[in-house]
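This report refers to the structure that appears directly beneath it.
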Amino acid sequence: MEQRITLITLGVSDLARSKAFYEALGWRGQEVAETVFFQAGGLGLVLWSREKLAQDCGLEPGPAHGFGGIALAHNVRSEAEVDALLATVAQAGGTVTKPAAVNALGFRSSAFTDPDGHAWEVAYNPGFPLAEDGTLTLPDFGQ
């Protein structure tokens with residue numbers, strides 16, 4: 001398996017609500033066959049029915065809320081962008097679960113959930129530089 005991710009699909013309970021939430025954050029997507037596709041840098045973020053996604057994966061649908069063991073991350077270019085994004089999230093119907101603050105590692109971070117409870121981290125970490133196109137380059141951790 002090549003070391004890459006091409007699509008991340010979020011199971012949602014109300015496609016229109018979820019699409020409106022992400023559009024309120026500035027994302028632009030395409031709706032095709034009851035599925036919304038967002039280009040997110042070099043990968044795609046997809047919104048699809050939670051029940052259909054579970055069935056497609058050969059799984060039983062689990063609880064719609066609560067921590068599912070995964071968090072998506074969105075790094076920004078400044079500390080001020082962390083605060084601005086959190087304000088937009090709250091206005092759009094998301095829930096800020098961790099207010100912005102300098103964390104134990106020394107960079108500003110926060111967290112929120114979308115209307116379906118999917119967790120997102122928002123961080124400004126100068127040690128994880130972003131290219132002009134938003135591509136993240138992991139640092140050499142010296143291992």
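By convention in this document, the chains of the structure tokens carry letters A, B, ... by their order, each chain's residues are numbered from 1, and ligands are numbered from 1 in the order they are shown.
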#### Entry: Exercise: stretch 123-130 of chain A partners within 12 Å, only C-alpha atoms, chain neighbours under 2 positions left out, as a ChimeraX atom specification
/A:41,72-86,98-103,105-112,120-121,132-141
### Which of stretch 3-136 of chain A DSSP labels helix (DSSP H, G or I), written as a ChimeraX atom specification
/A:15-24,50-56,79-92
### Message
Here is a test: counting only C-alpha atoms, which residue of A:Leu47, A:Met1, A:Ala119, A:Ala20 is nearest to A:Gly66?
### Response
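Residue with the minimum atom-to-atom distance to A:Gly66: A:Ala119.
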Write out as a short mmCIF file (atom, residue, chain, number, x, y, z; two decimals) with all heavy atoms, in the first residue's frame the residues lying within 10 Å of A:Gly29, counting only C-alpha atoms and excluding same-chain residues fewer than 3 positions away.
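Done, and the output landed in selection10.cif:
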```cif
data_model
loop_
_atom_site.label_atom_id
_atom_site.label_comp_id
_atom_site.auth_asym_id
_atom_site.auth_seq_id
_atom_site.Cartn_x
_atom_site.Cartn_y
_atom_site.Cartn_z
N LYS A 19 -23.48 19.96 4.42
CA LYS A 19 -22.96 20.73 3.29
C LYS A 19 -22.99 22.22 3.61
O LYS A 19 -22.00 22.93 3.37
CB LYS A 19 -23.77 20.43 2.02
CG LYS A 19 -23.29 21.19 0.80
CD LYS A 19 -24.16 20.90 -0.41
CE LYS A 19 -23.66 21.71 -1.60
NZ LYS A 19 -24.63 21.75 -2.68
N TYR A 22 -20.08 23.20 6.09
CA TYR A 22 -18.76 23.31 5.47
C TYR A 22 -18.69 24.48 4.49
O TYR A 22 -17.67 25.15 4.40
CB TYR A 22 -18.33 21.98 4.84
CG TYR A 22 -17.92 20.99 5.91
CD1 TYR A 22 -18.79 20.02 6.38
CD2 TYR A 22 -16.66 21.08 6.51
CE1 TYR A 22 -18.43 19.15 7.40
CE2 TYR A 22 -16.29 20.22 7.53
CZ TYR A 22 -17.17 19.26 7.98
OH TYR A 22 -16.81 18.42 8.99
N GLU A 23 -19.78 24.76 3.80
CA GLU A 23 -19.80 25.93 2.92
C GLU A 23 -19.70 27.22 3.73
O GLU A 23 -19.06 28.18 3.30
CB GLU A 23 -21.04 25.92 2.05
CG GLU A 23 -20.95 24.88 0.95
CD GLU A 23 -22.18 24.79 0.08
OE1 GLU A 23 -23.27 25.28 0.49
OE2 GLU A 23 -22.06 24.21 -1.02
N GLY A 26 -16.31 28.23 4.24
CA GLY A 26 -15.60 28.66 3.04
C GLY A 26 -15.28 27.55 2.06
O GLY A 26 -14.66 27.79 1.02
N VAL A 32 -23.27 15.14 -5.84
CA VAL A 32 -23.53 14.16 -6.89
C VAL A 32 -24.13 12.93 -6.21
O VAL A 32 -23.51 12.37 -5.30
CB VAL A 32 -22.23 13.76 -7.63
CG1 VAL A 32 -22.51 12.72 -8.69
CG2 VAL A 32 -21.53 14.97 -8.21
N THR A 35 -24.25 12.69 -2.42
CA THR A 35 -22.90 12.71 -1.87
C THR A 35 -22.30 14.07 -2.19
O THR A 35 -22.50 14.59 -3.28
CB THR A 35 -22.04 11.61 -2.52
OG1 THR A 35 -22.74 10.36 -2.44
CG2 THR A 35 -20.70 11.47 -1.86
N VAL A 36 -21.56 14.65 -1.24
CA VAL A 36 -20.91 15.93 -1.48
C VAL A 36 -19.39 15.70 -1.48
O VAL A 36 -18.85 15.09 -0.55
CB VAL A 36 -21.29 16.98 -0.41
CG1 VAL A 36 -20.55 18.29 -0.65
CG2 VAL A 36 -22.80 17.22 -0.42
N PHE A 37 -18.74 16.22 -2.51
CA PHE A 37 -17.29 16.08 -2.67
C PHE A 37 -16.63 17.46 -2.56
O PHE A 37 -17.01 18.38 -3.29
CB PHE A 37 -16.94 15.49 -4.05
CG PHE A 37 -17.44 14.09 -4.24
CD1 PHE A 37 -18.73 13.85 -4.72
CD2 PHE A 37 -16.63 13.01 -3.94
CE1 PHE A 37 -19.20 12.55 -4.91
CE2 PHE A 37 -17.08 11.70 -4.13
CZ PHE A 37 -18.38 11.48 -4.61
N PHE A 38 -15.65 17.58 -1.67
CA PHE A 38 -14.86 18.80 -1.53
C PHE A 38 -13.42 18.47 -1.90
O PHE A 38 -12.87 17.48 -1.39
CB PHE A 38 -14.86 19.32 -0.08
CG PHE A 38 -16.19 19.75 0.43
CD1 PHE A 38 -16.94 18.91 1.25
CD2 PHE A 38 -16.69 21.02 0.14
CE1 PHE A 38 -18.17 19.32 1.75
CE2 PHE A 38 -17.91 21.43 0.65
CZ PHE A 38 -18.65 20.58 1.45
N GLN A 39 -12.80 19.28 -2.75
CA GLN A 39 -11.37 19.14 -3.01
C GLN A 39 -10.66 19.77 -1.82
O GLN A 39 -10.93 20.91 -1.47
CB GLN A 39 -10.97 19.85 -4.30
CG GLN A 39 -9.54 19.63 -4.71
CD GLN A 39 -9.27 18.18 -5.10
OE1 GLN A 39 -9.97 17.61 -5.91
NE2 GLN A 39 -8.24 17.59 -4.52
N ALA A 40 -9.79 19.05 -1.18
CA ALA A 40 -9.08 19.53 0.01
C ALA A 40 -7.59 19.31 -0.20
O ALA A 40 -7.04 18.29 0.22
CB ALA A 40 -9.58 18.81 1.26
N GLY A 44 -9.60 14.36 -1.21
CA GLY A 44 -11.00 14.75 -1.22
C GLY A 44 -11.64 14.48 0.12
O GLY A 44 -11.38 13.44 0.74
N LEU A 45 -12.47 15.41 0.59
CA LEU A 45 -13.31 15.21 1.76
C LEU A 45 -14.72 14.98 1.23
O LEU A 45 -15.23 15.77 0.42
CB LEU A 45 -13.27 16.42 2.70
CG LEU A 45 -14.11 16.24 3.97
CD1 LEU A 45 -13.41 15.27 4.92
CD2 LEU A 45 -14.35 17.57 4.64
N VAL A 46 -15.34 13.90 1.68
CA VAL A 46 -16.64 13.49 1.16
C VAL A 46 -17.64 13.45 2.31
O VAL A 46 -17.33 12.97 3.40
CB VAL A 46 -16.54 12.09 0.51
CG1 VAL A 46 -17.88 11.65 -0.05
CG2 VAL A 46 -15.45 12.07 -0.56
N LEU A 47 -18.85 13.94 2.06
CA LEU A 47 -19.97 13.81 2.99
C LEU A 47 -20.95 12.83 2.38
O LEU A 47 -21.34 12.97 1.23
CB LEU A 47 -20.66 15.16 3.20
CG LEU A 47 -19.78 16.34 3.63
CD1 LEU A 47 -20.62 17.61 3.71
CD2 LEU A 47 -19.09 16.05 4.96
#
```
### Task
Apply DSSP to the backbone of this structure and, from chain A, keep only the residues in strand (DSSP E or B); write these as a PyMOL selection string.
chain A and resi 7-12+29-32+35-40+43-49+71-75+95-102+108-113+119-124+130+136
Residues near A:Thr95, anyone? I mean within 8 Å using only C-alpha atoms, not counting same-chain ones fewer than 4 positions away, as a PDB file with N, CA, C and O atoms, in the first residue's frame.
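Output contents, as saved in result22.pdb:
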```
ATOM      1  N   VAL A  89     -16.777  28.820  12.937  1.00  0.00           N
ATOM      2  CA  VAL A  89     -17.335  27.503  13.275  1.00  0.00           C
ATOM      3  C   VAL A  89     -18.572  27.668  14.162  1.00  0.00           C
ATOM      4  O   VAL A  89     -19.619  27.061  13.914  1.00  0.00           O
ATOM      5  N   ALA A  90     -18.459  28.485  15.195  1.00  0.00           N
ATOM      6  CA  ALA A  90     -19.579  28.680  16.119  1.00  0.00           C
ATOM      7  C   ALA A  90     -20.783  29.294  15.401  1.00  0.00           C
ATOM      8  O   ALA A  90     -21.921  28.864  15.603  1.00  0.00           O
ATOM      9  N   PHE A 112     -12.930  21.581  17.532  1.00  0.00           N
ATOM     10  CA  PHE A 112     -14.368  21.743  17.394  1.00  0.00           C
ATOM     11  C   PHE A 112     -14.948  20.473  16.803  1.00  0.00           C
ATOM     12  O   PHE A 112     -14.218  19.611  16.307  1.00  0.00           O
ATOM     13  N   THR A 113     -16.268  20.372  16.869  1.00  0.00           N
ATOM     14  CA  THR A 113     -16.962  19.299  16.168  1.00  0.00           C
ATOM     15  C   THR A 113     -17.940  19.916  15.185  1.00  0.00           C
ATOM     16  O   THR A 113     -18.486  20.995  15.416  1.00  0.00           O
ATOM     17  N   ASP A 114     -18.132  19.212  14.080  1.00  0.00           N
ATOM     18  CA  ASP A 114     -19.123  19.642  13.089  1.00  0.00           C
ATOM     19  C   ASP A 114     -20.505  19.214  13.585  1.00  0.00           C
ATOM     20  O   ASP A 114     -20.621  18.597  14.657  1.00  0.00           O
ATOM     21  N   PRO A 115     -21.571  19.510  12.856  1.00  0.00           N
ATOM     22  CA  PRO A 115     -22.909  19.164  13.334  1.00  0.00           C
ATOM     23  C   PRO A 115     -23.146  17.670  13.579  1.00  0.00           C
ATOM     24  O   PRO A 115     -24.062  17.307  14.310  1.00  0.00           O
TER      25      PRO A 115
END
```
#### Entry: Best match for closeness to A:Val122 among A:Leu15, A:Ala33, A:Ala54, A:Ala87, counting only C-alpha atoms
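That would be A:Ala87, the residue with the smallest distance to A:Val122.
We find atom CA of A:His118 and atom CA of A:Ala71 to be spaced 7.2 Å apart.
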